[in-house]
Each structure stands twice: as C-alpha cells, then as structure tokens.
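Visitor: Once you've had a glance at the structure underneath, I'll fire off some questions.
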Amino acid sequence: MTMDLHSLQPSLIPSWTSVAMLLSFFGYLGIFGSILPGKVIPGVTLADGTRLHYRCNGLFSLILLVTLLGAGVSVGVVSPTGIADKGLELLFAAFIFSLMVTLLLYIRGRMSEDQGSSLRPHFTGDFIHDWWFGMQLNPQFLGIDLKFFFVRAGMLGWLLINLSVLAKSVQDAKLDRSMILYQLFCALYILDYFFYEEYMTSTWDIIAERLGFMLVFGDLVWIPFTFSIQGWWLLKNRVELTAASVVANCLIFFFGYRVFRGANKQKHVFKKNPKAPIWGKPPKVVGGKLLASGYWGIARHCNYLGDLLLALSFSLPCGIR
C-alpha cells in the first residue's frame, strides 16, 4: 500500500501539460459553443418573468472536436492515449479547477447587488452551505451560461476519456468483447444526451439549483472520471463474456434506454406543453403540475429506473464475481 500511495504522489500535483490540456478543452467549448450553429431553446420563465436562451449545439461541438482530434492523431500531432496516460493528473487538475471556480463564484455572489432571478445572491451566512450549494442561479462568464457549459464539458469529457482508454487498449493489444461492449453503450448514451440536449433545459439542475461546488464538481469530476471507471478497470483486467451474457447485457441496455429516454421525453414535452398527448391520450395531471400519465403514471421516477439499468449495463461487461 505504501508503494502504491508513493507512486500516486506525482499525480497529485498536475503537470503543466495536463493543465494545458484541460484549459484547451474548456477554451474549445467556450469558443465553438458560442459560434457553432445550433437550435436556440428558451428556458423556463423565471420568477422575475425573464427567460434564458440556450444554444444547443453540443452534438456539433462533439463531432467537430472528435474530427479535429482524429486529424491530429493521423498526422502525429496528438497522442490518442494522451488523456489515458495522464488520467490521474487530469482528475486532480479538474478537482482543483472546481475548487477555484466555486470559490470565485462564491466571492462574486457575495459582491453581487443584482436583484434579478438569475443573479440575485442567496446568502445564508454559512460559508460551507453557500459555497456547496452556490450563491447564484445562473452565473455567466463572457456571456456563457456556466451551468449549461459545465454539464456539457462533463459529458464530452467522459467521451474523450473513454476514447483514449479505448486507444490504449488497442495499443496494449487488450481490446476484447468486454471493452467494445462498454465503449459502445457509453458512446450511445453520450450521443443520445447531445442529440436531446435541449431536454436538459427543463431539468431540475438547470431550472432550480444554484451553481456551487456540488454541481461544478459533479459535472467536471464526478461524471467524466467516475463514469469511466469501468473502462479503466477493463484495461487491467480481462473478462471473457459468453454470447448469452452479451445478449443479456444488450437487452438490459436497450430496455433501460427505452424507459430512461421515454420518461424524460414525456416530462420535457409536458413542461413545454401541458396539454400535449401522452401515449395518444390527454395527460392526467395531479395538483395542476404533477404529470401522472405515461411512464409517470406507472411510477413516480421511471427515468431513474431506466438510468440505473443503463448504469448496470455499463458495469456488466466487467463480469460478475
């Protein structure tokens, strides 16, 4: 254990290379997320009557970035395993970045005198509470909505980590059925997120949560670095999957996806148009706001069931012991 901890110590202080990689990634998303074409989606109406608008061009940004990185790999400018080789450094760099950004957000919130719904500071006097949950609902930087930006960065970062892990498994001649299955499921999930990116604008995180360490850490550290654990594990462990287990895993993924996407789509459509039919029938509503039709008439949070099944399908390629 002592030797393992000693070997990890160099990664606790990120190198300038890992810092440059992280900042370049954020810079790309900031610049191209602002200029690439995409559907502009109005957010929910806030308490003061204002509405934010979100440019949903995440899928375009993803395709362009992967294309540029692929071109860089083909000419030898970019290492396909660069992210995997510096995984721990990038993890700690993202963690430090999250700490710094949320401290700045706290200071900015304390200094703000804005009384609009998006930027009005929510100050309790408890530093830990205010730093953790955030001071402002929708802080921006250079016109970029930071809450929407960070969740996009987390999902795209997860994909880039996985692709680098995939490249390393090919390089080390360790690519097998388990790795392919895990990579395929994650890629489909991430592509689906960006295809339906506008649905994110009606989620609780976007419409109600203030931007503090909880959300920033979740987006920049938790999503990309914990959701990719299975890929890292498969790099070091070989799992032989039978044809029956592959079929079963695929069935779990597709059933989970159907429930997850179907429930979230119904919720999004209902929030945009409460009279839109659900499964061909007028929606049942409880208390004027609570949808009780479709998946939401079967269980209160079928979307969580679908998400849990998807997470299970990401892990099953690692085998059961």
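In the structure tokens, chains take letters A, B, ... by order of appearance, with residues numbered from 1 within each chain and ligands from 1 in the order shown.
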Which residues are close to stretch 178-195 of chain A, i.e. within 10 Å by only C-alpha atoms, leaving aside same-chain residues fewer than 3 positions away? Reply as an NGL selection string.
Guide: :A and (56-63 or 152 or 155-156 or 158-159 or 162-163 or 165-166 or 169 or 174-175 or 198-200 or 227-228 or 230-235 or 238-242 or 246 or 249-250 or 253-254 or 257 or 261 or 310-311 or 313-319)
Visitor: Got a sec: who's within 7 Å of stretch 121-124 of chain A, counting only C-alpha atoms, leaving out chain neighbours fewer than 6 positions off, as JSON, numbers by chain?
Guide: {"A": [109, 110, 112, 130, 135, 136]}
Visitor: Could those residues be written to a file, using N, CA and C atoms, as a PDB file, in the first residue's frame?
Guide:
```
ATOM      1  N   GLY A 109     -20.763  36.077  -5.933  1.00  0.00           N
ATOM      2  CA  GLY A 109     -22.114  36.135  -5.393  1.00  0.00           C
ATOM      3  C   GLY A 109     -22.221  37.070  -4.204  1.00  0.00           C
ATOM      4  N   ARG A 110     -21.203  37.039  -3.332  1.00  0.00           N
ATOM      5  CA  ARG A 110     -21.205  37.920  -2.156  1.00  0.00           C
ATOM      6  C   ARG A 110     -21.162  39.387  -2.573  1.00  0.00           C
ATOM      7  N   SER A 112     -22.304  40.623  -5.450  1.00  0.00           N
ATOM      8  CA  SER A 112     -23.365  40.993  -6.384  1.00  0.00           C
ATOM      9  C   SER A 112     -24.485  41.751  -5.688  1.00  0.00           C
ATOM     10  N   ASP A 130     -23.230  27.949   1.515  1.00  0.00           N
ATOM     11  CA  ASP A 130     -23.313  28.829   0.351  1.00  0.00           C
ATOM     12  C   ASP A 130     -22.312  28.439  -0.734  1.00  0.00           C
ATOM     13  N   MET A 135     -24.349  30.452  -4.779  1.00  0.00           N
ATOM     14  CA  MET A 135     -24.942  31.741  -4.406  1.00  0.00           C
ATOM     15  C   MET A 135     -25.936  32.243  -5.458  1.00  0.00           C
ATOM     16  N   GLN A 136     -25.670  31.944  -6.729  1.00  0.00           N
ATOM     17  CA  GLN A 136     -26.496  32.479  -7.808  1.00  0.00           C
ATOM     18  C   GLN A 136     -27.047  31.346  -8.665  1.00  0.00           C
TER      19      GLN A 136
END
```
Visitor: Quick one, how far is atom CA of A:Leu308 from atom CA of A:Ala263?
Guide: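 Distance reported for this atom pair: 13.3 Å.
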Visitor: Could you pull out the helix (DSSP H, G or I) residues of stretch 72-220 of chain A from DSSP and send them as JSON, numbers by chain?
Guide: {"A": [72, 73, 74, 82, 83, 84, 85, 87, 88, 89, 90, 91, 92, 93, 94, 95, 96, 97, 98, 99, 100, 101, 102, 103, 104, 105, 106, 107, 108, 109, 110, 111, 127, 128, 129, 130, 131, 132, 133, 146, 147, 148, 149, 150, 151, 152, 153, 154, 155, 156, 157, 158, 159, 160, 161, 162, 163, 164, 165, 166, 167, 168, 169, 170, 171, 177, 178, 179, 180, 181, 182, 183, 184, 185, 186, 187, 188, 189, 190, 191, 192, 193, 194, 195, 197, 198, 199, 200, 201, 202, 204, 205, 206, 207, 213, 214, 215, 216, 217, 218, 219, 220]}
Visitor: Generate a file of the selected residues that holds C-alpha atoms, formatted as a CSV table (one decimal), in the first residue's frame.
Guide:
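Now in part-v3.csv:
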```csv
chain,number,residue,atom,x,y,z
A,72,GLY,CA,-4.3,15.4,-35.1
A,73,VAL,CA,-3.7,11.8,-34.4
A,74,SER,CA,-3.4,10.9,-38.1
A,82,GLY,CA,-2.6,11.2,-24.0
A,83,ILE,CA,-5.7,11.5,-21.8
A,84,ALA,CA,-5.4,7.9,-20.5
A,85,ASP,CA,-1.7,8.4,-19.8
A,87,GLY,CA,-5.7,10.3,-16.2
A,88,LEU,CA,-4.9,11.0,-12.6
A,89,GLU,CA,-3.2,14.3,-13.3
A,90,LEU,CA,-6.3,15.4,-15.2
A,91,LEU,CA,-8.5,14.2,-12.4
A,92,PHE,CA,-6.7,16.3,-9.8
A,93,ALA,CA,-6.5,19.2,-12.2
A,94,ALA,CA,-10.3,19.1,-12.7
A,95,PHE,CA,-10.8,18.9,-8.9
A,96,ILE,CA,-8.5,21.9,-8.2
A,97,PHE,CA,-10.2,23.8,-11.0
A,98,SER,CA,-13.6,23.0,-9.5
A,99,LEU,CA,-12.4,24.4,-6.1
A,100,MET,CA,-11.0,27.6,-7.6
A,101,VAL,CA,-14.1,28.3,-9.8
A,102,THR,CA,-16.6,27.7,-7.0
A,103,LEU,CA,-14.6,30.0,-4.6
A,104,LEU,CA,-14.7,32.7,-7.3
A,105,LEU,CA,-18.4,32.1,-7.8
A,106,TYR,CA,-18.9,32.5,-4.0
A,107,ILE,CA,-16.9,35.8,-4.0
A,108,ARG,CA,-18.8,37.0,-7.0
A,109,GLY,CA,-22.1,36.1,-5.4
A,110,ARG,CA,-21.2,37.9,-2.2
A,111,MET,CA,-20.3,41.1,-4.1
A,127,PHE,CA,-19.9,29.7,4.1
A,128,ILE,CA,-19.9,25.9,3.6
A,129,HIS,CA,-23.6,25.9,2.7
A,130,ASP,CA,-23.3,28.8,0.4
A,131,TRP,CA,-20.1,27.5,-1.3
A,132,TRP,CA,-21.5,24.0,-1.7
A,133,PHE,CA,-25.0,24.9,-3.0
A,146,LEU,CA,-21.7,28.4,-16.8
A,147,LYS,CA,-24.2,25.8,-15.5
A,148,PHE,CA,-25.1,24.6,-19.1
A,149,PHE,CA,-21.4,24.9,-20.0
A,150,PHE,CA,-20.1,22.7,-17.2
A,151,VAL,CA,-22.6,19.8,-17.7
A,152,ARG,CA,-21.7,19.8,-21.5
A,153,ALA,CA,-18.0,19.7,-20.5
A,154,GLY,CA,-18.6,16.8,-18.2
A,155,MET,CA,-20.4,14.7,-20.8
A,156,LEU,CA,-18.0,15.4,-23.6
A,157,GLY,CA,-15.0,14.9,-21.2
A,158,TRP,CA,-16.4,11.4,-20.4
A,159,LEU,CA,-16.4,10.5,-24.1
A,160,LEU,CA,-12.9,11.8,-24.6
A,161,ILE,CA,-11.6,9.7,-21.6
A,162,ASN,CA,-13.3,6.6,-23.0
A,163,LEU,CA,-11.9,7.1,-26.5
A,164,SER,CA,-8.4,7.5,-25.0
A,165,VAL,CA,-8.8,4.4,-22.9
A,166,LEU,CA,-10.1,2.6,-26.0
A,167,ALA,CA,-7.0,3.7,-27.9
A,168,LYS,CA,-4.7,2.5,-25.1
A,169,SER,CA,-6.4,-0.9,-25.0
A,170,VAL,CA,-5.7,-1.2,-28.8
A,171,GLN,CA,-2.1,-0.1,-28.3
A,177,ARG,CA,-15.5,-8.0,-26.3
A,178,SER,CA,-16.0,-6.5,-22.9
A,179,MET,CA,-14.2,-3.3,-23.7
A,180,ILE,CA,-16.1,-3.0,-27.0
A,181,LEU,CA,-19.5,-3.5,-25.3
A,182,TYR,CA,-18.7,-1.0,-22.6
A,183,GLN,CA,-17.5,1.6,-25.1
A,184,LEU,CA,-20.5,1.1,-27.4
A,185,PHE,CA,-23.0,1.5,-24.6
A,186,CYS,CA,-21.3,4.7,-23.2
A,187,ALA,CA,-21.0,6.2,-26.7
A,188,LEU,CA,-24.6,5.7,-27.4
A,189,TYR,CA,-25.6,7.2,-24.1
A,190,ILE,CA,-23.5,10.3,-24.6
A,191,LEU,CA,-24.5,10.8,-28.2
A,192,ASP,CA,-28.2,10.5,-27.1
A,193,TYR,CA,-27.6,13.2,-24.4
A,194,PHE,CA,-26.3,15.6,-27.0
A,195,PHE,CA,-28.9,14.7,-29.6
A,197,GLU,CA,-29.5,18.3,-25.3
A,198,GLU,CA,-32.5,20.7,-25.3
A,199,TYR,CA,-34.2,18.4,-22.8
A,200,MET,CA,-31.5,19.4,-20.3
A,201,THR,CA,-33.0,22.9,-20.2
A,202,SER,CA,-36.1,21.6,-18.3
A,204,TRP,CA,-34.1,20.5,-12.0
A,205,ASP,CA,-30.4,21.2,-12.1
A,206,ILE,CA,-30.9,23.9,-14.7
A,207,ILE,CA,-34.1,25.5,-13.5
A,213,PHE,CA,-19.3,23.2,-5.7
A,214,MET,CA,-21.9,20.4,-5.7
A,215,LEU,CA,-22.9,21.0,-9.3
A,216,VAL,CA,-19.4,22.0,-10.6
A,217,PHE,CA,-17.7,19.0,-9.0
A,218,GLY,CA,-20.4,16.7,-10.2
A,219,ASP,CA,-20.1,18.0,-13.8
A,220,LEU,CA,-16.3,18.3,-14.1
```
Visitor: Could you tell me which of A:Gly38, A:Pro282, A:Gly262, A:Gly116 comes closest to A:Arg51 if we count only C-alpha atoms?
Guide: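 Once distances to A:Arg51 are computed over only C-alpha atoms, the minimum belongs to A:Gly116.
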